[in-house]
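These notes are about the structure you will find just below.
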Amino acid sequence: MTSAPIAVALDAPDLETAAHWASVVTPHVSTVKVGLELYLRYGPEVIASVRGASGVQVFLDLKLHDIPNTVAGAARAVARLKPAILTVHAAGGPAMIRAAVEALPDTRIAAVTVLTSLSAADLHGIGLEGSPDDAVRRLATLAVGAGAQALVCSPHEVAAVRAEVGPDITLITPGVRPAGSATQDQARVATPERALADGADLLVIGRPITGAADPGAAAAGIAAALRRALTSTVRDA
């Protein structure tokens with residue numbers, strides 16, 4: 001059975017819980033995501049723990065944002081962990097993005113455009129002109145021009161970004177919530193099926209899976225729904 005294009009966000013309170021979640025979801029999903037809090041608490045050890053024997057892809061979501069030389073050094077520091085994906089902030093500029101790409105050639109550098117927790121009012125408050133869609137498209141174009149192989153954007157912008165950057169860039173969408181799930185701290189959300197239909201390649205899903213009574217069953221259910229949606233799309237094409 002093909003794993004679904006889901007990155008489960010392992011925002012766990014401790015290493016043992018993160019490893020357990022990873023072990024029960026990896027039969028169903030392609031990727032597990034280690035974020036800043038878990039990595040800072042446990043360091044490189046967490047990568048080996050969640051990867052286990054399965055060889056699942058690890059998405060290291062550190063959202064690096066600093067001067068180019070510092071970001072290059074940080075990227076080299078995680079090279080031995082062999083993450084499939086490492087995030088940087090697109091707002092760090094082209095030189096910073098290029099430094100990460102050159103420092104870590106065997107990892108996809110994913111540029112984060114606009115955080116899914118930010119609304120249009122938030123963007124206005126921090127001085128970004130235009131709508132979230134406009135800001136995301138500007139940053140996406142900048143990042144791809146600097147060599148980023150992947151982009152992180154909300155489901156609301158994924159169709160516009162796909163049209164902007166073409167088919168060869170991996171689009172990663174957080175803010176994905178199955179129908180009926182709470183939005184929590186995400187401002188721009190969509191269902192997994194909608195995000196995939198709009199052009200997303202990898203869906204980041206956390207609490208709807210890890211907060212379930214049985215995370216493995218929750219992952220299996222969402223994965224099955226996505227496979228049905230993909231099959232229907234191919235049949236209708």
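Ordering of the structure tokens sets the chain letters (A, B, ...), residue numbers begin anew at 1 in every chain, and ligands are numbered from 1 in the order given.
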Distance query Asp106 (chain A) at most 8 Å, only C-alpha atoms, self and fewer than 2 positions along chain excluded, as a PyMOL selection string = chain A and resi 82+84+104+108
Suppose we keep C-alpha atoms; can you now write the selection as a PDB file, in the first residue's frame?
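Result file is again.pdb:
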ATOM      1  CA  LYS A  82      19.934  13.286   6.607  1.00  0.00           C
ATOM      2  CA  ALA A  84      14.503  14.777   3.671  1.00  0.00           C
ATOM      3  CA  LEU A 104      22.777  20.914   2.194  1.00  0.00           C
ATOM      4  CA  ARG A 108      15.145  19.625  -0.096  1.00  0.00           C
TER       5      ARG A 108
END
Could you list, with a cut-off of 10 Å and counting only C-alpha atoms, the residues of region 62-93 of chain A near region 39-49 of chain A, each shown with its nearest atom pair and the distance in Å rounded to one decimal, rows sorted by chain and ascending number, as a Markdown table?
| residue | atom | partner | partner_atom | distance |
| --- | --- | --- | --- | --- |
| A:Leu62 | CA | A:Tyr39 | CA | 8.2 |
| A:Ala77 | CA | A:Pro44 | CA | 10.0 |
| A:Val78 | CA | A:Pro44 | CA | 8.0 |
| A:Arg80 | CA | A:Pro44 | CA | 9.4 |
| A:Leu81 | CA | A:Ile47 | CA | 7.0 |
| A:Lys82 | CA | A:Ile47 | CA | 9.1 |
| A:Pro83 | CA | A:Ile47 | CA | 8.4 |
Run DSSP on the backbone of this structure and report the residues of region 45-140 of chain A it assigns to strand (DSSP E or B), as JSON, numbers by chain.
-> {"A": [57, 58, 59, 60, 61, 62, 63, 64, 85, 86, 87, 88, 89, 108, 109, 110, 111, 112]}
Which of region 143-226 of chain A counts as alpha helix (DSSP H) under DSSP, as a ChimeraX atom specification please?
-> /A:143-145,158-165,192-197,207-210,215-226
Please provide the set of residues having any atom within 12 Å of Leu118 (chain A), restricted to only C-alpha atoms, with same-chain residues fewer than 2 positions apart removed, written as a PyMOL selection string.
-> chain A and resi 113-116+120-126+128+131-133+135-136+153-154+175+185-189
How about saving the chosen residues, N, CA and C atoms kept, as an mmCIF file, in the first residue's frame?
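Saved the output as out-v4.cif:
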data_model
loop_
_atom_site.group_PDB
_atom_site.id
_atom_site.type_symbol
_atom_site.label_atom_id
_atom_site.label_comp_id
_atom_site.auth_asym_id
_atom_site.auth_seq_id
_atom_site.Cartn_x
_atom_site.Cartn_y
_atom_site.Cartn_z
ATOM 1 N N THR A 113 6.698 30.586 3.344
ATOM 2 C CA THR A 113 6.265 31.877 2.808
ATOM 3 C C THR A 113 5.645 32.723 3.909
ATOM 4 N N VAL A 114 4.363 32.503 4.215
ATOM 5 C CA VAL A 114 3.680 33.235 5.287
ATOM 6 C C VAL A 114 3.080 32.215 6.245
ATOM 7 N N LEU A 115 3.382 32.343 7.516
ATOM 8 C CA LEU A 115 2.890 31.392 8.505
ATOM 9 C C LEU A 115 1.369 31.290 8.460
ATOM 10 N N THR A 116 0.854 30.059 8.612
ATOM 11 C CA THR A 116 -0.596 29.866 8.523
ATOM 12 C C THR A 116 -1.345 30.473 9.700
ATOM 13 N N ALA A 120 -4.741 38.454 7.400
ATOM 14 C CA ALA A 120 -4.468 39.668 6.640
ATOM 15 C C ALA A 120 -4.179 40.843 7.571
ATOM 16 N N ALA A 121 -4.916 40.926 8.689
ATOM 17 C CA ALA A 121 -4.681 42.005 9.651
ATOM 18 C C ALA A 121 -3.290 41.888 10.278
ATOM 19 N N ASP A 122 -2.859 40.677 10.547
ATOM 20 C CA ASP A 122 -1.517 40.471 11.105
ATOM 21 C C ASP A 122 -0.445 40.943 10.127
ATOM 22 N N LEU A 123 -0.610 40.594 8.854
ATOM 23 C CA LEU A 123 0.373 40.999 7.850
ATOM 24 C C LEU A 123 0.447 42.518 7.743
ATOM 25 N N HIS A 124 -0.705 43.176 7.779
ATOM 26 C CA HIS A 124 -0.727 44.640 7.740
ATOM 27 C C HIS A 124 0.026 45.197 8.950
ATOM 28 N N GLY A 125 -0.171 44.586 10.108
ATOM 29 C CA GLY A 125 0.472 45.067 11.325
ATOM 30 C C GLY A 125 1.986 44.971 11.291
ATOM 31 N N ILE A 126 2.525 43.966 10.583
ATOM 32 C CA ILE A 126 3.981 43.830 10.528
ATOM 33 C C ILE A 126 4.581 44.458 9.271
ATOM 34 N N LEU A 128 3.678 44.048 5.895
ATOM 35 C CA LEU A 128 3.649 43.380 4.596
ATOM 36 C C LEU A 128 2.448 43.893 3.814
ATOM 37 N N SER A 131 -2.593 41.379 0.238
ATOM 38 C CA SER A 131 -3.248 40.249 0.876
ATOM 39 C C SER A 131 -2.246 39.143 1.174
ATOM 40 N N PRO A 132 -2.612 38.169 2.025
ATOM 41 C CA PRO A 132 -1.735 37.010 2.222
ATOM 42 C C PRO A 132 -1.384 36.330 0.904
ATOM 43 N N ASP A 133 -2.347 36.239 -0.012
ATOM 44 C CA ASP A 133 -2.092 35.607 -1.308
ATOM 45 C C ASP A 133 -0.979 36.333 -2.062
ATOM 46 N N ALA A 135 1.409 38.288 -0.783
ATOM 47 C CA ALA A 135 2.674 38.123 -0.066
ATOM 48 C C ALA A 135 3.263 36.746 -0.300
ATOM 49 N N VAL A 136 2.423 35.732 -0.266
ATOM 50 C CA VAL A 136 2.891 34.363 -0.484
ATOM 51 C C VAL A 136 3.461 34.207 -1.882
ATOM 52 N N CYS A 153 3.185 26.821 2.126
ATOM 53 C CA CYS A 153 2.143 27.846 2.055
ATOM 54 C C CYS A 153 0.847 27.246 2.555
ATOM 55 N N SER A 154 -0.103 28.092 2.916
ATOM 56 C CA SER A 154 -1.376 27.578 3.416
ATOM 57 C C SER A 154 -2.201 27.024 2.263
ATOM 58 N N GLY A 175 -1.850 23.791 8.059
ATOM 59 C CA GLY A 175 -3.199 24.337 8.116
ATOM 60 C C GLY A 175 -4.210 23.405 7.487
ATOM 61 N N ASP A 185 -4.844 27.097 16.338
ATOM 62 C CA ASP A 185 -4.203 28.399 16.119
ATOM 63 C C ASP A 185 -3.923 28.685 14.647
ATOM 64 N N GLN A 186 -4.567 27.958 13.750
ATOM 65 C CA GLN A 186 -4.373 28.190 12.324
ATOM 66 C C GLN A 186 -5.454 29.133 11.813
ATOM 67 N N ALA A 187 -5.046 30.133 11.020
ATOM 68 C CA ALA A 187 -6.010 31.106 10.516
ATOM 69 C C ALA A 187 -6.483 30.774 9.104
ATOM 70 N N ARG A 188 -5.666 30.060 8.317
ATOM 71 C CA ARG A 188 -5.997 29.796 6.919
ATOM 72 C C ARG A 188 -5.931 28.289 6.695
ATOM 73 N N VAL A 189 -7.080 27.633 6.710
ATOM 74 C CA VAL A 189 -7.114 26.172 6.729
ATOM 75 C C VAL A 189 -7.970 25.621 5.582
#
Can you pull out every residue within 10 Å of Pro27 (chain A), counting only C-alpha atoms, but drop anything in the same chain fewer than 5 positions away, and send it as a list of chain:residue names?
->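 Here the answer would be A:Met1, A:Thr2, A:Ser3, A:Ala4, A:Ala22, A:Ser54, A:Val56, A:Gly216, A:Ala219, A:Ala220.
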What does the distance between CA of Arg137 (chain A) and CA of Val112 (chain A) come to in Å, to one decimal place?
->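 Between CA of Arg137 (chain A) and CA of Val112 (chain A) the gap is 11.4 Å.
Pairwise distance (CA of Val204 (chain A), CA of Glu129 (chain A)) equals 26.9 Å.
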Excluding same-chain residues fewer than 5 positions from Asp201 (chain A), what lies within 10 Å of it counting only C-alpha atoms, as a CSV table (one decimal) with N, CA and C atoms, in the first residue's frame?
chain,number,residue,atom,x,y,z
A,5,PRO,N,0.5,11.1,1.1
A,5,PRO,CA,1.4,12.3,1.2
A,5,PRO,C,1.1,13.2,2.3
A,6,ILE,N,1.3,12.7,3.5
A,6,ILE,CA,1.1,13.4,4.8
A,6,ILE,C,2.3,13.4,5.6
A,150,ALA,N,11.3,23.4,-2.5
A,150,ALA,CA,10.0,23.3,-2.0
A,150,ALA,C,9.5,24.6,-1.3
A,158,VAL,N,-2.3,27.7,-2.2
A,158,VAL,CA,-1.6,26.6,-2.9
A,158,VAL,C,-1.9,26.6,-4.4
A,169,ILE,N,8.1,22.1,-8.4
A,169,ILE,CA,8.4,22.6,-7.0
A,169,ILE,C,7.4,21.8,-6.0
A,170,THR,N,8.0,21.3,-5.0
A,170,THR,CA,7.2,20.6,-4.0
A,170,THR,C,6.4,21.6,-3.1
A,171,LEU,N,5.1,21.5,-3.1
A,171,LEU,CA,4.3,22.4,-2.3
A,171,LEU,C,3.8,21.7,-1.0
A,172,ILE,N,4.2,22.2,0.1
A,172,ILE,CA,3.9,21.7,1.4
A,172,ILE,C,2.8,22.6,2.1
A,173,THR,N,1.7,22.0,2.6
A,173,THR,CA,0.7,22.8,3.1
A,173,THR,C,0.4,22.4,4.6
A,195,ALA,N,-6.9,20.6,-0.3
A,195,ALA,CA,-5.6,21.0,-0.4
A,195,ALA,C,-4.9,20.2,-1.5
A,196,LEU,N,-5.1,18.9,-1.6
A,196,LEU,CA,-4.5,18.0,-2.6
A,196,LEU,C,-5.1,18.4,-4.0
Between A:Thr141, A:Gln57, A:Gln149, A:Thr17, which has the minimum distance to Ser30 (chain A) (counting only C-alpha atoms)?
-> A:Gln57
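Of the listed residues (A:Ala163, A:Ala53, A:Val32, A:Ala99), A:Ala99 comes nearest to Val71 (chain A); the distances count only C-alpha atoms.
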Got a sec: who's within 12 Å of Gly145 (chain A), counting only C-alpha atoms, leaving out chain neighbours fewer than 2 positions off, as a ChimeraX atom specification?
-> /A:90,93-95,97-98,101,111,138-143,147-151,164-165,169
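We find CA of Asp134 (chain A) and CA of Pro174 (chain A) to be spaced 18.1 Å apart.
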